[in-house]
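Peer 1: Take a look at coords.cif, mmCIF, C-alpha atoms:
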```
data_structure
loop_
_atom_site.label_atom_id
_atom_site.label_comp_id
_atom_site.auth_asym_id
_atom_site.auth_seq_id
_atom_site.Cartn_x
_atom_site.Cartn_y
_atom_site.Cartn_z
CA MET U 1 84.50 -93.26 -27.82
CA THR U 2 84.74 -96.35 -29.98
CA LYS U 3 86.17 -96.19 -33.48
CA PRO U 4 82.82 -96.99 -35.23
CA MET U 5 81.17 -94.15 -33.26
CA LYS U 6 83.98 -91.80 -34.30
CA VAL U 7 83.47 -92.79 -37.95
CA PHE U 8 79.69 -92.29 -37.66
CA LEU U 9 80.17 -88.88 -36.01
CA GLY U 10 82.65 -88.02 -38.76
CA PHE U 11 80.08 -88.88 -41.42
CA LEU U 12 77.50 -86.74 -39.65
CA SER U 13 80.05 -83.92 -39.39
CA PHE U 14 80.88 -84.05 -43.10
CA TRP U 15 77.23 -84.40 -44.22
CA PRO U 16 76.30 -80.66 -44.06
CA LEU U 17 79.24 -79.81 -46.32
CA MET U 18 78.37 -82.63 -48.73
CA TYR U 19 74.72 -81.56 -48.66
CA PHE U 20 75.69 -77.98 -49.49
CA LEU U 21 77.48 -79.22 -52.60
CA LEU U 22 74.54 -81.47 -53.56
CA PHE U 23 72.11 -78.59 -53.00
CA PHE U 24 74.19 -76.34 -55.26
CA LEU U 25 74.37 -79.01 -57.96
CA PHE U 26 70.60 -79.58 -57.72
CA PHE U 27 69.81 -75.92 -58.26
CA LEU U 28 72.35 -75.68 -61.05
CA THR U 29 70.68 -78.68 -62.71
CA VAL U 30 67.20 -77.21 -62.25
CA PHE U 31 68.35 -73.85 -63.58
CA ILE U 32 69.99 -75.35 -66.67
CA GLY U 33 67.15 -77.85 -67.17
CA GLY U 34 64.52 -75.15 -66.77
CA PHE U 35 66.42 -72.85 -69.05
CA THR U 36 66.71 -75.44 -71.81
CA GLY U 37 63.16 -76.76 -71.26
CA THR U 38 64.19 -80.36 -70.46
CA LEU U 39 62.62 -80.39 -66.98
CA SER U 40 58.87 -80.52 -66.51
CA ASP U 41 56.66 -79.88 -63.50
CA LYS U 42 56.22 -83.64 -63.07
CA THR U 43 59.96 -83.96 -62.53
CA ILE U 44 60.62 -80.88 -60.43
CA PHE U 45 57.91 -81.33 -57.76
CA PRO U 46 58.99 -84.81 -56.52
CA LEU U 47 62.60 -83.62 -56.48
CA PHE U 48 61.53 -80.57 -54.50
CA PHE U 49 59.91 -82.70 -51.78
CA VAL U 50 63.00 -84.91 -51.53
CA LEU U 51 65.19 -81.82 -51.35
CA PHE U 52 62.92 -80.22 -48.74
CA SER U 53 63.07 -83.28 -46.48
CA LEU U 54 66.87 -83.52 -46.87
CA HIS U 55 67.14 -79.80 -46.16
CA LEU U 56 65.05 -80.02 -42.99
CA THR U 57 66.96 -83.09 -41.79
CA THR U 58 70.29 -81.36 -42.41
CA ILE U 59 69.21 -78.27 -40.50
CA LEU U 60 68.16 -80.38 -37.52
CA LEU U 61 71.44 -82.31 -37.77
CA ILE U 62 73.42 -79.05 -37.72
CA PHE U 63 71.62 -77.93 -34.55
CA GLY U 64 72.26 -81.29 -32.92
CA LEU U 65 75.92 -81.32 -33.91
CA LEU U 66 76.33 -77.74 -32.71
CA ILE U 67 75.01 -78.67 -29.27
CA TYR U 68 77.16 -81.83 -29.16
CA TYR U 69 80.35 -80.05 -30.21
CA ILE U 70 79.87 -77.10 -27.83
CA VAL U 71 79.33 -79.49 -24.90
CA HIS U 72 82.28 -81.63 -26.03
CA LEU U 73 84.44 -78.53 -26.39
CA PHE U 74 83.98 -77.37 -22.82
CA LYS U 75 84.40 -80.88 -21.38
CA ASN U 76 87.48 -81.63 -23.49
CA ASP U 77 90.80 -81.17 -21.69
CA ARG U 78 92.80 -81.38 -24.92
CA VAL U 79 91.57 -77.98 -26.14
CA PRO U 80 93.57 -75.21 -24.42
CA ASP U 81 91.42 -73.02 -22.17
CA ASN U 82 92.39 -69.85 -24.04
CA LEU U 83 91.06 -71.35 -27.32
CA LYS U 84 87.73 -72.68 -26.06
CA ALA U 85 85.84 -69.40 -26.54
CA LEU U 86 87.33 -69.00 -30.01
CA TRP U 87 86.36 -72.56 -30.95
CA ALA U 88 82.83 -71.95 -29.66
CA VAL U 89 82.46 -68.89 -31.91
CA VAL U 90 83.96 -70.73 -34.89
CA LEU U 91 81.68 -73.73 -34.36
CA PHE U 92 78.63 -71.48 -34.05
CA PHE U 93 79.25 -69.23 -37.06
CA GLY U 94 81.18 -71.54 -39.39
CA ASN U 95 79.49 -74.75 -38.41
CA PHE U 96 79.36 -76.83 -41.59
CA ILE U 97 83.01 -76.00 -42.33
CA SER U 98 84.32 -76.14 -38.75
CA PHE U 99 82.53 -79.37 -37.72
CA PRO U 100 84.82 -81.61 -39.80
CA VAL U 101 87.92 -79.70 -38.63
CA TYR U 102 87.01 -79.99 -34.95
CA TRP U 103 86.06 -83.65 -35.43
CA PHE U 104 89.42 -84.43 -37.03
CA LEU U 105 91.52 -82.51 -34.49
CA TYR U 106 89.78 -83.39 -31.24
CA ILE U 107 87.68 -86.52 -31.78
CA TRP U 108 89.33 -88.62 -34.50
CA LYS U 109 92.83 -88.00 -33.12
CA GLU U 110 91.66 -88.43 -29.53
CA PRO U 111 93.82 -91.04 -27.80
CA ASP U 112 91.99 -94.14 -26.64
CA SER U 113 91.90 -94.79 -22.92
CA GLU U 114 93.69 -98.15 -23.35
CA VAL U 115 96.58 -96.48 -25.16
CA ASP U 116 96.93 -93.90 -22.39
CA LEU U 117 96.96 -96.60 -19.72
CA SER U 118 99.60 -98.69 -21.49
CA ASN U 119 101.82 -95.66 -22.07
CA SER U 120 101.63 -94.56 -18.43
CA GLU U 121 102.40 -98.11 -17.22
CA ASN U 122 105.44 -98.37 -19.51
CA GLN U 123 106.83 -95.06 -18.30
CA ALA U 124 106.55 -95.98 -14.60
#
```
When written as structure tokens, how does the structure in this file appear?
Peer 2:
Amino acid sequence: MTKPMKVFLGFLSFWPLMYFLLFFLFFLTVFIGGFTGTLSDKTIFPLFFVLFSLHLTTILLIFGLLIYYIVHLFKNDRVPDNLKALWAVVLFFGNFISFPVYWFLYIWKEPDSEVDLSNSENQA
């Protein structure tokens, strides 16, 4: 996998966690704004539609990332066989927290094929 693709996948992996924080801040803002009377219906409804579309997109992204990471997990030789089932459960149940961890450990740190070839040639 090329470095730009790894960075893009990393952004996608971190997005659900970032979205969770933005979602929390949005509702905190709406709660405080609604409580103090500074937010009106004209402000809340457009924000709601933006939030709804972001929410739906993030849910679909999580499903897509879950499928990608589970397939990658069982094709990856770097993950020990006795940990693959554990990683599958962790990815399924703790997805928006475990996606960035798995990405960092097994995709970002994945050795490039050129590096592996040069190391094996130097050792021979």
Peer 1: I'd like the residues picked by the PyMOL selection byres ((chain U and resi 4-21) around 10) written out as a PyMOL selection string, using the chain letters and numbers from the file.
Peer 2: chain U and resi 1-3+22-26+51+54-55+57-59+61-62+65-66+69+95-104+107-110
Peer 1: Just to confirm, what's the straight-line distance from CA of Leu60 (chain U) to CA of Val89 (chain U) in Å (one decimal)?
Peer 2: 19.2 Å
Peer 1: Choose the residue, out of U:Thr29, U:Phe92, U:Phe48, U:Val79, that has the smallest atom-to-atom separation from Gly64 (chain U); count all atoms listed in the file.
Peer 2: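 Closest residue, counting all atoms listed in the file: U:Phe92.
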Peer 1: Please report, as JSON, the centre and edge lengths in Å to one decimal of an axis-aligned box covering all listed atoms of region 5-10 of chain U with 4 Å per side.
Peer 2:
```
{"center_x": 81.8, "center_y": -91.1, "center_z": -36.0, "size_x": 12.3, "size_y": 14.1, "size_z": 13.5}
```
Peer 1: Go through U:Phe49, U:Phe31, U:Leu56, U:Tyr106 and flag the residue nearest Phe74 (chain U), using only C-alpha atoms for the distances.
Peer 2: U:Tyr106
Peer 1: What do you get, as a list in words, if you spell out every residue that the PyMOL selection byres ((chain U and resi 84) around 12) selects here?
Peer 2: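 With the shown file as input, the PyMOL selection byres ((chain U and resi 84) around 12) matches Tyr69, Ile70, Val71, His72, Leu73, Phe74, Lys75, Asn76, Asp77, Arg78, Val79, Pro80, Asp81, Asn82, Leu83, Ala85, Leu86, Trp87, Ala88, Val89, Val90, Leu91 and Tyr102 of chain U.
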Peer 1: Using only C-alpha atoms for the distances, tell me which of U:Leu105, U:Tyr68, U:Ser53, U:Phe63 is nearest to Phe93 (chain U).
Peer 2: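 Among the listed residues, the smallest separation from Phe93 (chain U) belongs to U:Phe63.
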Peer 1: Please complete region 85-97 of chain U so it has N, CA and C atoms, and hand it over as a short mmCIF file (atom, residue, chain, number, x, y, z; two decimals), in the frame of the given file.
Peer 2:
```
data_model
loop_
_atom_site.label_atom_id
_atom_site.label_comp_id
_atom_site.auth_asym_id
_atom_site.auth_seq_id
_atom_site.Cartn_x
_atom_site.Cartn_y
_atom_site.Cartn_z
N ALA U 85 86.81 -70.42 -26.11
CA ALA U 85 85.84 -69.40 -26.54
C ALA U 85 85.93 -69.17 -28.05
N LEU U 86 87.15 -69.17 -28.57
CA LEU U 86 87.33 -69.00 -30.01
C LEU U 86 86.71 -70.17 -30.77
N TRP U 87 86.95 -71.39 -30.30
CA TRP U 87 86.36 -72.56 -30.95
C TRP U 87 84.84 -72.52 -30.89
N ALA U 88 84.29 -72.04 -29.77
CA ALA U 88 82.83 -71.95 -29.66
C ALA U 88 82.27 -71.00 -30.70
N VAL U 89 82.91 -69.86 -30.90
CA VAL U 89 82.46 -68.89 -31.91
C VAL U 89 82.61 -69.48 -33.31
N VAL U 90 83.73 -70.13 -33.57
CA VAL U 90 83.96 -70.73 -34.89
C VAL U 90 82.95 -71.83 -35.17
N LEU U 91 82.67 -72.67 -34.17
CA LEU U 91 81.68 -73.73 -34.36
C LEU U 91 80.29 -73.16 -34.59
N PHE U 92 79.97 -72.07 -33.90
CA PHE U 92 78.63 -71.48 -34.05
C PHE U 92 78.44 -70.80 -35.40
N PHE U 93 79.42 -70.01 -35.83
CA PHE U 93 79.25 -69.23 -37.06
C PHE U 93 79.72 -69.96 -38.32
N GLY U 94 80.67 -70.85 -38.20
CA GLY U 94 81.18 -71.54 -39.39
C GLY U 94 80.93 -73.02 -39.31
N ASN U 95 79.75 -73.38 -38.82
CA ASN U 95 79.49 -74.75 -38.41
C ASN U 95 79.75 -75.81 -39.47
N PHE U 96 79.21 -75.71 -40.67
CA PHE U 96 79.36 -76.83 -41.59
C PHE U 96 80.78 -76.95 -42.13
N ILE U 97 81.59 -75.91 -41.96
CA ILE U 97 83.01 -76.00 -42.33
C ILE U 97 83.85 -76.39 -41.11
#
```
